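Data from work35.cif: mmCIF, C-alpha atoms
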```
data_structure
loop_
_atom_site.label_atom_id
_atom_site.label_comp_id
_atom_site.auth_asym_id
_atom_site.auth_seq_id
_atom_site.Cartn_x
_atom_site.Cartn_y
_atom_site.Cartn_z
CA MET A 164 97.11 83.39 104.40
CA LYS A 165 96.52 85.94 101.61
CA GLN A 166 98.80 88.82 100.62
CA ILE A 167 97.24 92.13 99.54
CA VAL A 168 99.26 95.05 98.20
CA VAL A 169 97.92 98.59 97.94
CA ILE A 170 99.76 100.60 95.30
CA SER A 171 99.45 103.73 93.20
CA GLY A 172 101.14 104.98 90.07
CA LYS A 173 101.97 108.25 91.82
CA GLY A 174 102.35 109.60 95.34
CA GLY A 175 99.67 111.47 97.25
CA THR A 176 96.63 109.43 96.21
CA GLY A 177 95.73 108.40 99.78
CA LYS A 178 97.18 104.89 99.61
CA THR A 179 98.63 104.90 103.14
CA THR A 180 95.45 106.41 104.59
CA LEU A 181 93.51 103.48 103.13
CA VAL A 182 95.98 100.89 104.42
CA ALA A 183 95.69 102.29 107.95
CA SER A 184 91.90 102.05 107.81
CA PHE A 185 91.99 98.51 106.37
CA THR A 186 94.26 97.53 109.27
CA VAL A 187 91.70 98.83 111.75
CA LEU A 188 88.84 97.06 109.99
CA SER A 189 90.54 93.66 109.87
CA GLN A 190 92.77 93.35 112.94
CA ASP A 191 93.60 89.83 111.74
CA LEU A 192 96.60 90.70 109.65
CA VAL A 193 100.23 91.71 109.62
CA VAL A 194 100.74 95.10 108.02
CA ALA A 195 103.95 95.82 106.11
CA ASP A 196 105.02 99.32 105.14
CA CYS A 197 107.07 98.77 101.99
CA ASP A 198 107.36 102.43 101.07
CA VAL A 199 110.85 102.32 102.57
CA ASP A 200 112.10 105.51 100.87
CA ALA A 201 109.41 107.61 102.57
CA SER A 202 107.59 105.48 105.12
CA ASN A 203 104.77 107.21 107.02
CA LEU A 204 102.29 104.49 107.98
CA HIS A 205 103.76 104.54 111.48
CA LEU A 206 102.37 108.06 111.95
CA LEU A 207 98.84 106.61 111.94
CA LEU A 208 99.37 103.18 113.52
CA LYS A 209 101.87 104.36 116.16
CA PRO A 210 103.82 101.10 116.50
CA ASN A 211 105.78 100.06 119.54
CA ILE A 212 109.14 98.87 118.18
CA LYS A 213 110.14 95.41 119.45
CA GLU A 214 113.13 94.68 117.20
CA LYS A 215 115.52 96.82 115.17
CA HIS A 216 117.77 95.28 112.50
CA GLU A 217 120.55 96.89 110.48
CA PHE A 218 120.16 96.72 106.70
CA MET A 219 123.42 96.30 104.81
CA GLY A 220 122.28 97.30 101.35
CA SER A 221 125.43 98.64 99.73
CA LYS A 222 129.20 98.88 100.02
CA VAL A 223 131.76 101.65 100.32
CA ALA A 224 135.43 101.68 99.37
CA VAL A 225 138.07 101.94 102.08
CA ILE A 226 141.78 102.68 101.57
CA ASP A 227 144.34 101.00 103.84
CA ALA A 228 146.80 103.81 104.59
CA GLU A 229 149.61 101.37 105.43
CA LYS A 230 149.35 99.62 102.04
CA CYS A 231 148.69 102.73 99.95
CA VAL A 232 151.65 103.77 97.75
CA ARG A 233 150.07 107.14 96.90
CA CYS A 234 150.05 106.55 93.15
CA GLN A 235 146.58 108.12 92.80
CA THR A 236 145.52 105.47 90.28
CA CYS A 237 142.29 104.99 92.20
CA LYS A 238 141.56 108.72 92.18
CA GLU A 239 142.06 108.92 88.42
CA ALA A 240 139.75 105.94 87.85
CA CYS A 241 136.93 107.13 90.13
CA ARG A 242 134.23 108.79 88.03
CA PHE A 243 132.41 110.00 91.15
CA ASN A 244 135.33 112.08 92.48
CA ALA A 245 135.01 110.25 95.78
CA ILE A 246 138.74 109.94 96.49
CA LYS A 247 140.66 112.91 97.84
CA ASN A 248 143.88 113.06 99.85
CA TYR A 249 144.12 109.26 99.64
CA GLN A 250 140.82 108.83 101.46
CA VAL A 251 137.33 107.85 100.29
CA ASP A 252 134.40 110.15 100.88
CA PRO A 253 131.58 107.70 101.83
CA LEU A 254 128.93 110.19 100.74
CA LEU A 255 130.27 110.28 97.18
CA CYS A 256 131.34 106.65 96.85
CA GLU A 257 128.93 104.47 94.86
CA GLY A 258 130.64 101.19 95.80
CA CYS A 259 131.31 100.28 92.17
CA GLY A 260 134.66 98.67 92.97
CA VAL A 261 136.73 100.20 90.15
CA CYS A 262 139.25 101.52 92.66
CA VAL A 263 139.67 98.02 94.08
CA TYR A 264 140.30 96.65 90.59
CA VAL A 265 142.90 99.23 89.52
CA CYS A 266 144.89 99.56 92.77
CA PRO A 267 148.39 98.08 92.16
CA ALA A 268 149.05 97.68 95.89
CA ASN A 269 145.77 95.97 96.85
CA ALA A 270 145.23 98.80 99.29
CA VAL A 271 141.55 99.35 98.52
CA SER A 272 138.67 97.11 99.62
CA LEU A 273 134.88 97.26 99.69
CA LYS A 274 133.17 97.19 103.07
CA GLU A 275 129.47 96.78 103.76
CA LYS A 276 127.77 99.80 105.25
CA ILE A 277 124.50 100.36 107.05
CA SER A 278 122.00 101.55 104.44
CA GLY A 279 118.93 101.58 106.67
CA TYR A 280 116.99 99.77 109.36
CA LEU A 281 114.19 97.22 109.52
CA PHE A 282 111.71 97.29 112.41
CA ILE A 283 109.40 94.64 113.81
CA SER A 284 106.73 96.33 115.87
CA GLU A 285 103.40 95.85 117.58
CA THR A 286 100.39 98.12 117.18
CA LYS A 287 97.05 97.96 118.94
CA TYR A 288 95.70 96.50 115.70
CA GLY A 289 98.33 93.77 115.36
CA PRO A 290 101.92 93.23 114.19
CA MET A 291 103.67 95.64 111.86
CA VAL A 292 106.89 95.36 109.88
CA HIS A 293 108.41 98.55 108.50
CA ALA A 294 111.75 100.01 107.50
CA LYS A 295 113.68 103.19 106.90
CA LEU A 296 116.19 103.58 104.09
CA ASN A 297 118.90 106.10 104.84
CA ILE A 298 119.09 109.25 102.74
CA ALA A 299 120.59 108.76 99.25
CA GLU A 300 120.92 104.99 99.71
CA SER A 301 120.08 102.45 97.02
CA ASN A 302 118.78 98.86 96.97
CA SER A 303 115.34 99.84 98.26
CA GLY A 304 113.92 96.83 96.39
CA LYS A 305 116.07 94.51 98.50
CA LEU A 306 114.84 96.18 101.68
CA VAL A 307 111.22 95.84 100.49
CA SER A 308 111.78 92.10 100.04
CA LEU A 309 113.16 91.81 103.58
CA VAL A 310 110.14 93.64 105.00
CA ARG A 311 107.81 91.28 103.14
CA ASP A 312 109.71 88.17 104.21
CA HIS A 313 109.49 89.14 107.88
CA ALA A 314 105.80 90.05 107.59
CA LYS A 315 104.98 86.72 105.96
CA LYS A 316 106.92 84.80 108.60
CA ILE A 317 105.07 86.55 111.43
CA ALA A 318 101.71 85.96 109.74
CA GLU A 319 102.45 82.24 109.47
CA GLU A 320 103.65 82.00 113.07
CA GLU A 321 100.63 83.87 114.46
CA ASN A 322 98.12 82.28 112.06
CA LYS A 323 96.97 85.60 110.60
CA LYS A 324 94.60 85.66 107.65
CA PHE A 325 96.32 88.44 105.69
CA VAL A 326 99.52 90.29 105.02
CA LEU A 327 98.55 93.84 104.04
CA ILE A 328 101.29 95.66 102.14
CA ASP A 329 101.51 99.44 101.82
CA GLY A 330 103.44 99.55 98.56
CA PRO A 331 105.63 102.38 97.27
CA PRO A 332 104.37 104.71 94.52
CA GLY A 333 105.47 104.53 90.91
CA ILE A 334 106.50 101.51 88.83
CA GLY A 335 110.18 101.08 89.77
CA CYS A 336 112.19 98.36 91.47
CA PRO A 337 110.66 98.72 94.98
CA VAL A 338 107.16 98.50 93.47
CA ILE A 339 108.08 95.33 91.59
CA ALA A 340 109.51 93.88 94.82
CA SER A 341 106.22 94.61 96.59
CA LEU A 342 104.16 92.85 93.89
CA GLY A 343 105.83 89.43 93.84
CA ASN A 344 103.51 86.50 94.67
CA VAL A 345 100.69 88.65 96.04
CA ASP A 346 97.10 87.43 95.80
CA LEU A 347 95.57 90.83 95.08
CA ALA A 348 96.74 94.29 94.02
CA LEU A 349 94.56 97.29 94.84
CA VAL A 350 95.44 100.35 92.77
CA VAL A 351 94.47 103.74 94.20
CA THR A 352 94.20 106.69 91.84
CA GLU A 353 92.84 110.23 91.85
CA PRO A 354 90.65 112.15 89.37
CA THR A 355 93.42 114.04 87.61
CA MET A 356 95.07 113.58 84.22
CA SER A 357 98.34 112.62 85.91
CA GLY A 358 96.34 110.17 88.01
CA LEU A 359 94.95 108.57 84.84
CA HIS A 360 98.37 108.47 83.16
CA ASP A 361 100.05 106.83 86.15
CA LEU A 362 97.12 104.44 86.56
CA GLN A 363 97.73 103.26 83.01
CA ARG A 364 101.40 102.62 83.81
CA ILE A 365 100.80 100.71 87.04
CA LEU A 366 98.04 98.59 85.51
CA SER A 367 100.37 97.60 82.67
CA LEU A 368 102.76 96.41 85.38
CA THR A 369 100.23 94.35 87.33
CA GLN A 370 98.91 92.85 84.11
CA HIS A 371 102.46 91.98 83.03
CA PHE A 372 102.79 89.89 86.20
CA GLY A 373 99.31 88.42 85.80
CA LEU A 374 98.04 89.76 89.13
CA LYS A 375 94.41 90.00 90.13
CA THR A 376 93.88 93.76 90.25
CA LEU A 377 91.19 96.04 91.61
CA THR A 378 91.00 99.81 91.18
CA LEU A 379 89.39 102.68 93.07
CA ILE A 380 89.29 106.46 92.78
CA ASN A 381 89.97 108.53 95.87
CA MET A 382 88.33 111.98 96.18
CA TYR A 383 86.43 111.20 92.99
CA ASP A 384 84.02 114.13 93.30
CA LEU A 385 86.77 116.74 92.90
CA ASN A 386 86.62 116.19 89.13
CA LEU A 387 83.71 114.13 87.83
CA GLU A 388 84.83 114.42 84.22
CA ASN A 389 88.19 112.80 84.96
CA THR A 390 86.48 110.22 87.16
CA LYS A 391 84.39 109.22 84.15
CA LYS A 392 87.53 108.92 81.98
CA ILE A 393 89.20 106.67 84.56
CA ARG A 394 86.17 104.42 84.84
CA GLU A 395 85.96 104.13 81.07
CA PHE A 396 89.64 103.24 80.87
CA CYS A 397 89.26 100.53 83.54
CA SER A 398 86.40 99.09 81.53
CA THR A 399 88.45 98.97 78.33
CA VAL A 400 91.32 97.08 80.00
CA ASP A 401 88.95 94.78 81.90
CA VAL A 402 90.06 95.81 85.40
CA GLU A 403 87.45 95.52 88.13
CA PHE A 404 86.40 98.84 89.63
CA VAL A 405 85.58 98.58 93.35
CA GLY A 406 84.53 102.04 94.35
CA GLU A 407 84.79 105.80 94.59
CA ILE A 408 85.70 107.53 97.83
CA PRO A 409 84.38 111.10 98.13
CA PHE A 410 86.38 114.05 99.37
CA ASP A 411 85.68 114.25 103.09
CA PRO A 412 87.04 116.96 105.46
CA VAL A 413 86.80 114.40 108.28
CA VAL A 414 89.75 112.57 106.69
CA VAL A 415 91.85 115.73 107.09
CA GLU A 416 90.78 116.00 110.72
CA ALA A 417 91.74 112.38 111.37
CA LEU A 418 95.14 112.74 109.72
CA THR A 419 95.82 115.92 111.69
CA LEU A 420 95.25 113.94 114.89
CA GLY A 421 97.27 110.98 113.60
CA LYS A 422 94.37 108.52 113.50
CA PRO A 423 92.93 106.19 110.83
CA VAL A 424 89.72 107.79 109.58
CA VAL A 425 87.51 104.73 110.19
CA GLU A 426 88.57 104.81 113.84
CA TYR A 427 88.21 108.56 114.20
CA SER A 428 84.73 108.72 112.65
CA SER A 429 83.24 105.42 111.58
CA GLU A 430 80.11 107.08 110.14
CA SER A 431 81.80 109.68 107.95
CA LYS A 432 81.25 109.57 104.20
CA ALA A 433 84.77 108.36 103.49
CA SER A 434 84.70 105.75 106.27
CA LYS A 435 81.51 104.17 104.96
CA LYS A 436 83.01 103.85 101.48
CA ILE A 437 86.26 102.44 102.84
CA LYS A 438 84.33 99.79 104.77
CA ASP A 439 82.41 98.89 101.63
CA ILE A 440 85.62 98.59 99.62
CA TRP A 441 87.23 96.38 102.28
CA GLU A 442 84.23 94.05 102.13
CA LYS A 443 84.59 93.86 98.33
CA ILE A 444 88.27 92.99 98.72
CA LEU A 445 87.44 90.17 101.12
CA SER A 446 84.74 88.93 98.76
CA SER A 447 87.18 89.01 95.85
CA LEU A 448 89.67 86.89 97.79
CA SER A 449 87.14 84.26 98.89
#
```
Here is the file; what I need is its structure written in the form of C-alpha cells.
Amino acid sequence: MKQIVVISGKGGTGKTTLVASFTVLSQDLVVADCDVDASNLHLLLKPNIKEKHEFMGSKVAVIDAEKCVRCQTCKEACRFNAIKNYQVDPLLCEGCGVCVYVCPANAVSLKEKISGYLFISETKYGPMVHAKLNIAESNSGKLVSLVRDHAKKIAEEENKKFVLIDGPPGIGCPVIASLGNVDLALVVTEPTMSGLHDLQRILSLTQHFGLKTLTLINMYDLNLENTKKIREFCSTVDVEFVGEIPFDPVVVEALTLGKPVVEYSSESKASKKIKDIWEKILSSLS
C-alpha cells in the first residue's frame, strides 16, 4: 500500500479538483481529505457518512462557582480577557491554564472541548475519510494525523493499493502532518509569480523531509512566460516535472455540477492530461 499526498504552496491551484479525478481514475484507494480547515473534496465525491467521531483538540477553562472566592486573581492573570463576572467565555479562552495555576481556591480546571469532527464515509469510488475543524479552533495538525491514521487502517483492512491524501495548502503544521511517511508528494502550482514563490517554499519542505516529489503546472497556458520560469526552477532543483494541464472551460462546467472532470468529460483537454499525469504517478511508484 502506497501513500500519495497532493499539496500546493498556496490555495486555489486546483489541488482538490485533481484529487477527485485521481480517485475516479483509480477506484482502488482510500481518499483522505486532510485540508481540515477548509475541506471541500466532499462537494465532488459526495460521500455517504457511515461514522462520525468527535475531535477533542483543545481545552477550555471552567470555574466552579461553589469553590470560587471571587478574588479575581484569574481575571487579572488572563491575557485574553476571557474571564468576566467570574465566568469563562469559551470563545475567548485559549486553554493556556494560567488561571488554573494562579487560583488560590483550586476553583478553576481545564476541560476538553469538541474542536471538530472526523467522518468515515463511502463514495461510489471507494472509502473516504475526512474531517471538519470548528471555526477558530487549533490543533489542525493533530486532526490531520487522525484522518491519515483512519485512512491507512481502512486501506490495510480492505487491501487497497493506495491512500490518496488531499493535503492542505501552505507549509504549516497541517501540511507537515500530511507529509509524514508518504511515498510520493505531488506539488500543484499555477503560472503566477506567487505560484512560483510558494512552489519554492513547499519544495524546500519536501526536500527537507527527503520525499520523492513530482511537480505539475495547472492552467499553464494562462501565462507561458511564468510557466517557463517554473519549469526552469524545477530543473535547477532537480525535481521531476510530470506535466502541464491547460485551462479548460469544461473543468468549470464539471465543478459547477459538482462532478470530477474526468467523469464529466473524459475526452476534454484537461481530462486527457490528468489521465496522463496519473499514469506517470503510477509509473513513478512502481
Discussion item. For Cys262 in chain A, find every residue with an atom within 9 Å (counting only C-alpha atoms), except residues of its own chain fewer than 4 positions away, and show them as a list in words.
Written reply: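 My list of contacting residues is Ala224, Thr236, Cys237, Lys238, Glu239, Ala240, Cys241, Cys266, Val271 and Ser272 of chain A.
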Which residues of range 171-254 of chain A come within 12 Å of range 361-382 of chain A, and for each one, what is the closest pair of atoms and their distance in Å to one decimal, counting all atoms listed in the file, sorted by chain and residue number, as a tab-separated table?
```
residue	atom	partner	partner_atom	distance
A:Ser171	CA	A:Ile365	CA	7.0
A:Gly172	CA	A:Asp361	CA	4.5
A:Lys173	CA	A:Asp361	CA	6.2
A:Gly174	CA	A:Asp361	CA	9.9
A:Gly175	CA	A:Asn381	CA	10.2
A:Thr176	CA	A:Asn381	CA	6.7
A:Gly177	CA	A:Asn381	CA	7.0
A:Lys178	CA	A:Asn381	CA	8.9
A:Thr179	CA	A:Asn381	CA	11.9
A:Thr180	CA	A:Asn381	CA	10.5
A:Leu181	CA	A:Asn381	CA	9.5
```
Output C-alpha atoms for every residue in that selection, as a PDB file, in the frame of the given file.
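File out_18.pdb, as written:
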```
ATOM      1  CA  SER A 171      99.450 103.730  93.200  1.00  0.00           C
ATOM      2  CA  GLY A 172     101.140 104.980  90.070  1.00  0.00           C
ATOM      3  CA  LYS A 173     101.970 108.250  91.820  1.00  0.00           C
ATOM      4  CA  GLY A 174     102.350 109.600  95.340  1.00  0.00           C
ATOM      5  CA  GLY A 175      99.670 111.470  97.250  1.00  0.00           C
ATOM      6  CA  THR A 176      96.630 109.430  96.210  1.00  0.00           C
ATOM      7  CA  GLY A 177      95.730 108.400  99.780  1.00  0.00           C
ATOM      8  CA  LYS A 178      97.180 104.890  99.610  1.00  0.00           C
ATOM      9  CA  THR A 179      98.630 104.900 103.140  1.00  0.00           C
ATOM     10  CA  THR A 180      95.450 106.410 104.590  1.00  0.00           C
ATOM     11  CA  LEU A 181      93.510 103.480 103.130  1.00  0.00           C
TER      12      LEU A 181
END
```
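For the atom pair formed by CA of Gly406 in chain A and CA of Val310 in chain A, the distance is 29.0 Å, given to one decimal.
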Practice prompt. Run the PyMOL selection byres ((chain A and resi 247) around 12) on the file and write out the hits as a PyMOL selection string.
Written response: chain A and resi 226+233+235-239+241+243-246+248-253+255-256
Discussion item. Starting from the PyMOL selection byres ((chain A and resi 403) around 12), expand the selection into actual residues of this file and give them as an NGL selection string.
Written reply: :A and (347-350 or 366 or 375-379 or 393-402 or 404-406 or 443-444 or 447)
Item to complete: Would you be able to write out as an NGL selection string which residues have an atom within 8 Å of (123.4, 101.6, 103.9) in the file's coordinates, counting only C-alpha atoms?
Response: :A and (218-222 or 275-279 or 296-297 or 300-301)
Discussion item. Give me the residues near Tyr288 in chain A as a ChimeraX atom specification, where near means some atom within 8 Å (using all atoms listed in the file) and where sequence neighbours in that chain fewer than 3 positions away do not count.
Written reply: /A:186-187,190,208,285
What does the file look like for those residues with C-alpha atoms, as a PDB file, in the coordinates of the input?
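What landed in result39.pdb:
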```pdb
ATOM      1  CA  THR A 186      94.260  97.530 109.270  1.00  0.00           C
ATOM      2  CA  VAL A 187      91.700  98.830 111.750  1.00  0.00           C
ATOM      3  CA  GLN A 190      92.770  93.350 112.940  1.00  0.00           C
ATOM      4  CA  LEU A 208      99.370 103.180 113.520  1.00  0.00           C
ATOM      5  CA  GLU A 285     103.400  95.850 117.580  1.00  0.00           C
TER       6      GLU A 285
END
```
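For the set A:Cys234, A:Cys197, A:Ala417, A:Ile334, the residue with the smallest atom-to-atom gap to Ala270 in chain A is A:Cys234, counting all atoms listed in the file.
Computed from the coordinates, the CA of Leu359 in chain A to CA of Val182 in chain A distance equals 21.1 Å.
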Would you compute the box with edges along x, y and z of the file around range 196-205 of chain A, including every atom the file lists for it and 8 Å extra on each side, and give its centre and edge lengths in Å to one decimal, as AutoDock Vina command-line options?
```
--center_x 107.2 --center_y 103.2 --center_z 106.2 --size_x 25.8 --size_y 24.8 --size_z 26.6
```
Reconstructed range 208-242 of chain A, atom set N, CA and C atoms, as a PDB file, in the frame of the given file:
```
ATOM      1  N   LEU A 208      99.531 104.405 112.724  1.00  0.00           N
ATOM      2  CA  LEU A 208      99.370 103.180 113.520  1.00  0.00           C
ATOM      3  C   LEU A 208     100.167 103.212 114.821  1.00  0.00           C
ATOM      4  N   LYS A 209     101.102 104.133 114.928  1.00  0.00           N
ATOM      5  CA  LYS A 209     101.870 104.360 116.160  1.00  0.00           C
ATOM      6  C   LYS A 209     102.424 103.045 116.748  1.00  0.00           C
ATOM      7  N   PRO A 210     103.295 102.387 116.034  1.00  0.00           N
ATOM      8  CA  PRO A 210     103.820 101.100 116.500  1.00  0.00           C
ATOM      9  C   PRO A 210     104.792 101.227 117.660  1.00  0.00           C
ATOM     10  N   ASN A 211     104.804 100.186 118.462  1.00  0.00           N
ATOM     11  CA  ASN A 211     105.780 100.060 119.540  1.00  0.00           C
ATOM     12  C   ASN A 211     106.869  99.119 119.034  1.00  0.00           C
ATOM     13  N   ILE A 212     108.066  99.644 118.801  1.00  0.00           N
ATOM     14  CA  ILE A 212     109.140  98.870 118.180  1.00  0.00           C
ATOM     15  C   ILE A 212     109.657  97.798 119.145  1.00  0.00           C
ATOM     16  N   LYS A 213     109.651  96.555 118.663  1.00  0.00           N
ATOM     17  CA  LYS A 213     110.140  95.410 119.450  1.00  0.00           C
ATOM     18  C   LYS A 213     111.557  95.014 119.037  1.00  0.00           C
ATOM     19  N   GLU A 214     111.828  95.074 117.721  1.00  0.00           N
ATOM     20  CA  GLU A 214     113.130  94.680 117.200  1.00  0.00           C
ATOM     21  C   GLU A 214     113.597  95.702 116.173  1.00  0.00           C
ATOM     22  N   LYS A 215     114.921  95.919 116.143  1.00  0.00           N
ATOM     23  CA  LYS A 215     115.520  96.820 115.170  1.00  0.00           C
ATOM     24  C   LYS A 215     116.716  96.108 114.539  1.00  0.00           C
ATOM     25  N   HIS A 216     116.718  95.995 113.205  1.00  0.00           N
ATOM     26  CA  HIS A 216     117.770  95.280 112.500  1.00  0.00           C
ATOM     27  C   HIS A 216     118.463  96.194 111.506  1.00  0.00           C
ATOM     28  N   GLU A 217     119.786  96.119 111.448  1.00  0.00           N
ATOM     29  CA  GLU A 217     120.550  96.890 110.480  1.00  0.00           C
ATOM     30  C   GLU A 217     120.371  96.288 109.084  1.00  0.00           C
ATOM     31  N   PHE A 218     120.262  97.155 108.103  1.00  0.00           N
ATOM     32  CA  PHE A 218     120.160  96.720 106.700  1.00  0.00           C
ATOM     33  C   PHE A 218     121.440  97.099 105.973  1.00  0.00           C
ATOM     34  N   MET A 219     122.182  96.082 105.555  1.00  0.00           N
ATOM     35  CA  MET A 219     123.420  96.300 104.810  1.00  0.00           C
ATOM     36  C   MET A 219     123.092  96.206 103.319  1.00  0.00           C
ATOM     37  N   GLY A 220     122.766  97.326 102.720  1.00  0.00           N
ATOM     38  CA  GLY A 220     122.280  97.300 101.350  1.00  0.00           C
ATOM     39  C   GLY A 220     123.308  97.656 100.300  1.00  0.00           C
ATOM     40  N   SER A 221     124.418  98.232 100.713  1.00  0.00           N
ATOM     41  CA  SER A 221     125.430  98.640  99.730  1.00  0.00           C
ATOM     42  C   SER A 221     126.811  98.595 100.361  1.00  0.00           C
ATOM     43  N   LYS A 222     127.821  98.922  99.548  1.00  0.00           N
ATOM     44  CA  LYS A 222     129.200  98.880 100.020  1.00  0.00           C
ATOM     45  C   LYS A 222     129.891 100.205  99.745  1.00  0.00           C
ATOM     46  N   VAL A 223     130.974 100.436 100.490  1.00  0.00           N
ATOM     47  CA  VAL A 223     131.760 101.650 100.320  1.00  0.00           C
ATOM     48  C   VAL A 223     133.235 101.264 100.284  1.00  0.00           C
ATOM     49  N   ALA A 224     134.002 101.965  99.474  1.00  0.00           N
ATOM     50  CA  ALA A 224     135.430 101.680  99.370  1.00  0.00           C
ATOM     51  C   ALA A 224     136.189 102.247 100.561  1.00  0.00           C
ATOM     52  N   VAL A 225     137.216 101.515 100.972  1.00  0.00           N
ATOM     53  CA  VAL A 225     138.070 101.940 102.080  1.00  0.00           C
ATOM     54  C   VAL A 225     139.517 101.737 101.662  1.00  0.00           C
ATOM     55  N   ILE A 226     140.355 102.747 101.923  1.00  0.00           N
ATOM     56  CA  ILE A 226     141.780 102.680 101.570  1.00  0.00           C
ATOM     57  C   ILE A 226     142.598 102.391 102.827  1.00  0.00           C
ATOM     58  N   ASP A 227     143.427 101.355 102.747  1.00  0.00           N
ATOM     59  CA  ASP A 227     144.340 101.000 103.840  1.00  0.00           C
ATOM     60  C   ASP A 227     145.572 101.899 103.724  1.00  0.00           C
ATOM     61  N   ALA A 228     145.707 102.834 104.662  1.00  0.00           N
ATOM     62  CA  ALA A 228     146.800 103.810 104.590  1.00  0.00           C
ATOM     63  C   ALA A 228     148.175 103.158 104.644  1.00  0.00           C
ATOM     64  N   GLU A 229     148.312 102.028 105.314  1.00  0.00           N
ATOM     65  CA  GLU A 229     149.610 101.370 105.430  1.00  0.00           C
ATOM     66  C   GLU A 229     150.031 100.712 104.113  1.00  0.00           C
ATOM     67  N   LYS A 230     149.047 100.254 103.322  1.00  0.00           N
ATOM     68  CA  LYS A 230     149.350  99.620 102.040  1.00  0.00           C
ATOM     69  C   LYS A 230     149.431 100.622 100.892  1.00  0.00           C
ATOM     70  N   CYS A 231     148.784 101.751 101.040  1.00  0.00           N
ATOM     71  CA  CYS A 231     148.690 102.730  99.950  1.00  0.00           C
ATOM     72  C   CYS A 231     150.065 103.264  99.570  1.00  0.00           C
ATOM     73  N   VAL A 232     150.370 103.273  98.253  1.00  0.00           N
ATOM     74  CA  VAL A 232     151.650 103.770  97.750  1.00  0.00           C
ATOM     75  C   VAL A 232     151.511 105.182  97.160  1.00  0.00           C
ATOM     76  N   ARG A 233     150.335 105.765  97.313  1.00  0.00           N
ATOM     77  CA  ARG A 233     150.070 107.140  96.900  1.00  0.00           C
ATOM     78  C   ARG A 233     150.315 107.376  95.401  1.00  0.00           C
ATOM     79  N   CYS A 234     149.897 106.421  94.608  1.00  0.00           N
ATOM     80  CA  CYS A 234     150.050 106.550  93.150  1.00  0.00           C
ATOM     81  C   CYS A 234     148.895 107.305  92.514  1.00  0.00           C
ATOM     82  N   GLN A 235     147.791 107.412  93.235  1.00  0.00           N
ATOM     83  CA  GLN A 235     146.580 108.120  92.800  1.00  0.00           C
ATOM     84  C   GLN A 235     145.874 107.454  91.615  1.00  0.00           C
ATOM     85  N   THR A 236     146.206 106.199  91.354  1.00  0.00           N
ATOM     86  CA  THR A 236     145.520 105.470  90.280  1.00  0.00           C
ATOM     87  C   THR A 236     144.029 105.364  90.567  1.00  0.00           C
ATOM     88  N   CYS A 237     143.704 105.116  91.823  1.00  0.00           N
ATOM     89  CA  CYS A 237     142.290 104.990  92.200  1.00  0.00           C
ATOM     90  C   CYS A 237     141.541 106.307  92.006  1.00  0.00           C
ATOM     91  N   LYS A 238     142.194 107.409  92.341  1.00  0.00           N
ATOM     92  CA  LYS A 238     141.560 108.720  92.180  1.00  0.00           C
ATOM     93  C   LYS A 238     141.267 109.013  90.718  1.00  0.00           C
ATOM     94  N   GLU A 239     142.222 108.675  89.848  1.00  0.00           N
ATOM     95  CA  GLU A 239     142.060 108.920  88.420  1.00  0.00           C
ATOM     96  C   GLU A 239     140.946 108.052  87.821  1.00  0.00           C
ATOM     97  N   ALA A 240     140.759 106.856  88.380  1.00  0.00           N
ATOM     98  CA  ALA A 240     139.750 105.940  87.850  1.00  0.00           C
ATOM     99  C   ALA A 240     138.346 106.209  88.380  1.00  0.00           C
ATOM    100  N   CYS A 241     138.250 106.914  89.502  1.00  0.00           N
ATOM    101  CA  CYS A 241     136.930 107.130  90.130  1.00  0.00           C
ATOM    102  C   CYS A 241     136.150 108.213  89.391  1.00  0.00           C
ATOM    103  N   ARG A 242     135.048 107.840  88.790  1.00  0.00           N
ATOM    104  CA  ARG A 242     134.230 108.790  88.030  1.00  0.00           C
ATOM    105  C   ARG A 242     133.329 109.626  88.932  1.00  0.00           C
TER     106      ARG A 242
END
```
